[in-house]
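J.: Below you'll find data10.cif; it's mmCIF, C-alpha atoms.
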data_target
#
loop_
_atom_site.group_PDB
_atom_site.id
_atom_site.type_symbol
_atom_site.label_atom_id
_atom_site.label_comp_id
_atom_site.auth_asym_id
_atom_site.auth_seq_id
_atom_site.Cartn_x
_atom_site.Cartn_y
_atom_site.Cartn_z
ATOM 1 C CA MET A 1 105.048 82.623 98.171
ATOM 2 C CA LEU A 2 105.088 86.378 97.776
ATOM 3 C CA ASN A 3 107.304 88.519 99.922
ATOM 4 C CA THR A 4 105.238 91.339 101.403
ATOM 5 C CA ALA A 5 108.044 93.860 101.062
ATOM 6 C CA ALA A 6 108.651 92.974 97.411
ATOM 7 C CA VAL A 7 105.018 93.201 96.375
ATOM 8 C CA LEU A 8 103.979 96.122 98.551
ATOM 9 C CA PRO A 9 106.811 98.589 99.023
ATOM 10 C CA PHE A 10 105.954 101.758 100.877
ATOM 11 C CA ASP A 11 107.649 104.775 102.368
ATOM 12 C CA LEU A 12 106.829 106.893 105.385
ATOM 13 C CA GLN A 13 104.763 109.359 103.356
ATOM 14 C CA ARG A 14 102.501 106.596 102.034
ATOM 15 C CA LEU A 15 102.263 105.105 105.514
ATOM 16 C CA LEU A 16 100.938 108.381 106.878
ATOM 17 C CA GLU A 17 98.610 109.023 103.937
ATOM 18 C CA ASN A 18 97.075 105.640 103.188
ATOM 19 C CA GLU A 19 97.800 102.123 104.309
ATOM 20 C CA ILE A 20 100.499 99.642 105.207
ATOM 21 C CA TYR A 21 100.684 95.874 105.102
ATOM 22 C CA GLN A 22 102.055 93.441 107.635
ATOM 23 C CA ASN A 23 102.566 89.667 107.682
ATOM 24 C CA GLU A 24 99.873 88.674 110.182
ATOM 25 C CA ARG A 25 97.432 91.593 110.044
ATOM 26 C CA ALA A 26 96.140 94.131 107.568
ATOM 27 C CA ILE A 27 96.614 97.598 109.025
ATOM 28 C CA ILE A 28 95.138 100.849 107.723
ATOM 29 C CA ILE A 29 96.595 104.137 108.950
ATOM 30 C CA THR A 30 94.691 107.304 108.062
ATOM 31 C CA LYS A 31 96.101 110.734 108.750
ATOM 32 C CA GLY A 32 93.617 113.544 109.305
ATOM 33 C CA MET A 33 93.151 115.772 112.339
ATOM 34 C CA SER A 34 94.601 112.775 114.164
ATOM 35 C CA ILE A 35 96.104 109.470 113.073
ATOM 36 C CA ASP A 36 93.516 106.665 112.941
ATOM 37 C CA ILE A 37 94.756 103.066 113.007
ATOM 38 C CA GLN A 38 92.545 100.111 112.076
ATOM 39 C CA SER A 39 93.835 96.558 112.352
ATOM 40 C CA PHE A 40 92.269 93.450 110.790
ATOM 41 C CA GLY A 41 93.264 89.927 111.779
ATOM 42 C CA PRO A 42 92.817 86.704 109.815
ATOM 43 C CA ASP A 43 89.273 86.106 111.124
ATOM 44 C CA GLU A 44 88.188 89.563 109.969
ATOM 45 C CA LEU A 45 89.738 89.032 106.533
ATOM 46 C CA ALA A 46 87.878 85.822 105.672
ATOM 47 C CA GLN A 47 85.467 87.704 103.387
ATOM 48 C CA ILE A 48 87.030 90.377 101.152
ATOM 49 C CA ASP A 49 85.403 92.076 98.195
ATOM 50 C CA LYS A 50 87.757 92.809 95.296
ATOM 51 C CA ARG A 51 87.280 95.617 92.773
ATOM 52 C CA LEU A 52 89.520 95.097 89.725
ATOM 53 C CA PHE A 53 90.494 97.705 87.120
ATOM 54 C CA ARG A 54 91.747 97.108 83.570
ATOM 55 C CA ASP A 55 95.384 97.841 84.427
ATOM 56 C CA GLY A 56 95.433 95.083 87.074
ATOM 57 C CA SER A 57 95.172 97.464 89.990
ATOM 58 C CA GLY A 58 92.192 97.532 92.284
ATOM 59 C CA ASP A 59 90.669 97.789 95.721
ATOM 60 C CA LEU A 60 90.174 95.276 98.521
ATOM 61 C CA ILE A 61 87.166 95.996 100.742
ATOM 62 C CA PHE A 62 87.293 94.421 104.220
ATOM 63 C CA ASP A 63 84.246 96.043 105.748
ATOM 64 C CA ARG A 64 81.510 98.615 105.231
ATOM 65 C CA GLN A 65 80.306 101.025 107.896
ATOM 66 C CA VAL A 66 76.745 102.254 107.501
ATOM 67 C CA SER A 67 75.678 105.445 109.225
ATOM 68 C CA THR A 68 72.150 106.788 109.263
ATOM 69 C CA HIS A 69 71.217 110.420 109.673
ATOM 70 C CA TYR A 70 68.105 112.500 109.193
ATOM 71 C CA SER A 71 67.914 115.752 107.304
ATOM 72 C CA LYS A 72 64.716 117.721 106.728
ATOM 73 C CA GLY A 73 62.622 114.755 107.784
ATOM 74 C CA ARG A 74 64.334 112.359 105.367
ATOM 75 C CA ARG A 75 66.357 109.358 106.377
ATOM 76 C CA ARG A 76 69.735 109.077 104.673
ATOM 77 C CA GLU A 77 72.337 106.336 104.850
ATOM 78 C CA ASN A 78 76.031 106.709 104.138
ATOM 79 C CA VAL A 79 78.174 103.680 103.411
ATOM 80 C CA LYS A 80 81.901 103.990 104.035
ATOM 81 C CA GLU A 81 84.073 101.248 102.552
ATOM 82 C CA ILE A 82 87.008 100.135 104.678
ATOM 83 C CA GLY A 83 89.995 98.550 102.951
ATOM 84 C CA PHE A 84 92.989 99.059 100.684
ATOM 85 C CA PHE A 85 92.446 101.237 97.608
ATOM 86 C CA GLY A 86 94.429 101.698 94.395
ATOM 87 C CA ILE A 87 96.649 98.655 94.888
ATOM 88 C CA PRO A 88 98.915 97.694 91.981
ATOM 89 C CA GLN A 89 98.657 93.958 91.166
ATOM 90 C CA VAL A 90 95.617 93.616 93.412
ATOM 91 C CA GLY A 91 95.152 89.937 92.496
ATOM 92 C CA GLN A 92 98.484 89.005 94.065
ATOM 93 C CA VAL A 93 97.745 91.020 97.198
ATOM 94 C CA HIS A 94 94.265 89.488 97.460
ATOM 95 C CA GLN A 95 95.738 85.976 97.256
ATOM 96 C CA MET A 96 98.378 86.837 99.864
ATOM 97 C CA ILE A 97 95.707 88.072 102.287
ATOM 98 C CA ARG A 98 93.504 85.014 101.644
ATOM 99 C CA ASP A 99 96.473 82.716 102.339
ATOM 100 C CA MET A 100 97.172 84.609 105.550
ATOM 101 C CA ALA A 101 93.508 84.392 106.642
ATOM 102 C CA GLN A 102 93.524 80.619 105.974
ATOM 103 C CA GLY A 103 96.801 80.128 107.818
ATOM 104 C CA THR A 104 98.739 79.039 104.721
ATOM 105 C CA ALA A 105 100.960 82.125 104.442
#
Once more with this new file: its structure as structure tokens, please.

T.:
Amino acid sequence: MLNTAAVLPFDLQRLLENEIYQNERAIIITKGMSIDIQSFGPDELAQIDKRLFRDGSGDLIFDRQVSTHYSKGRRRENVKEIGFFGIPQVGQVHQMIRDMAQGTA
């Protein structure tokens, strides 16, 4: 079993800029004009898309938000991916989250 702290160390700066990880939930904290906090429980993490890069790092996508707007009579859709991005050893983190979602962590 992987220790969250050993696999995913972070400091306060990273916490405020990107994301943090917790034993029972995946939490994303985004700092902008305000601090936005999104929390995902095991049920919400049952289906995760993984994007893997050659160096073993990657992204885990939990959700996608689609927004539609109209400009000059044309319909446009924006898709915003919600998840963890640029994770070292993403395969290990993906497995840890899957275990948590299945209740085996």

J.: Would you place a box with edges along x, y and z of the file around all atoms of range 64-70 of chain A listed there, add 6 Å to each of its six sides, and report the centre and edge lengths in Å to one decimal, as JSON?

T.:
{"center_x": 74.8, "center_y": 105.6, "center_z": 107.5, "size_x": 25.4, "size_y": 25.9, "size_z": 16.4}

J.: Counting only C-alpha atoms, which of A:Ser57, A:Gln65, A:Ser71, A:Gln102 gets nearest to Gln89 in chain A?

T.: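 Once distances to Gln89 in chain A are computed over only C-alpha atoms, the minimum belongs to A:Ser57.
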
J.: So which residues get picked by the PyMOL selection byres ((chain A and resi 51) around 10) here, written as a PyMOL selection string?

T.: chain A and resi 48-50+52-53+56-61+85-86+90-91

J.: Run the PyMOL selection byres ((chain A and resi 63) around 7) on the file and write out the hits as a PyMOL selection string.

T.: chain A and resi 61-62+64-65+81-83

J.: What does the structure give for the distance between CA of Pro88 in chain A and CA of Asp36 in chain A, in Å to one decimal?

T.: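 These atoms are spaced 23.4 Å apart.
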
J.: Name the residues in contact with Gly103 in chain A at a cut-off of 12 Å, using all atoms listed in the file, excluding same-chain residues fewer than 6 positions from it; report them as a ChimeraX atom specification.

T.: /A:23-25,41-43,45-46,96-97

J.: Which residue out of A:Gln92, A:Phe84, A:Arg75, A:Gln47 has the minimum interatomic distance to Ile28 in chain A when all atoms listed in the file are used?

T.: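 Among the listed residues, A:Phe84 lies closest to Ile28 in chain A.
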
J.: In Å, rounded to a single decimal, give me how far CA of Phe40 in chain A is from CA of Met100 in chain A.

T.: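 Distance between the two atoms: 11.4 Å.
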
J.: In Å, how far is it from CA of Val93 in chain A to CA of Lys31 in chain A?

T.: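 So the answer is 22.9 Å.
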
J.: When distances are computed from all atoms listed in the file, which of A:Val79, A:Ala26, A:Ile35, A:Ile87 shows the smallest separation from Ala101 in chain A?

T.: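 The answer is A:Ala26, which sits nearest to Ala101 in chain A.
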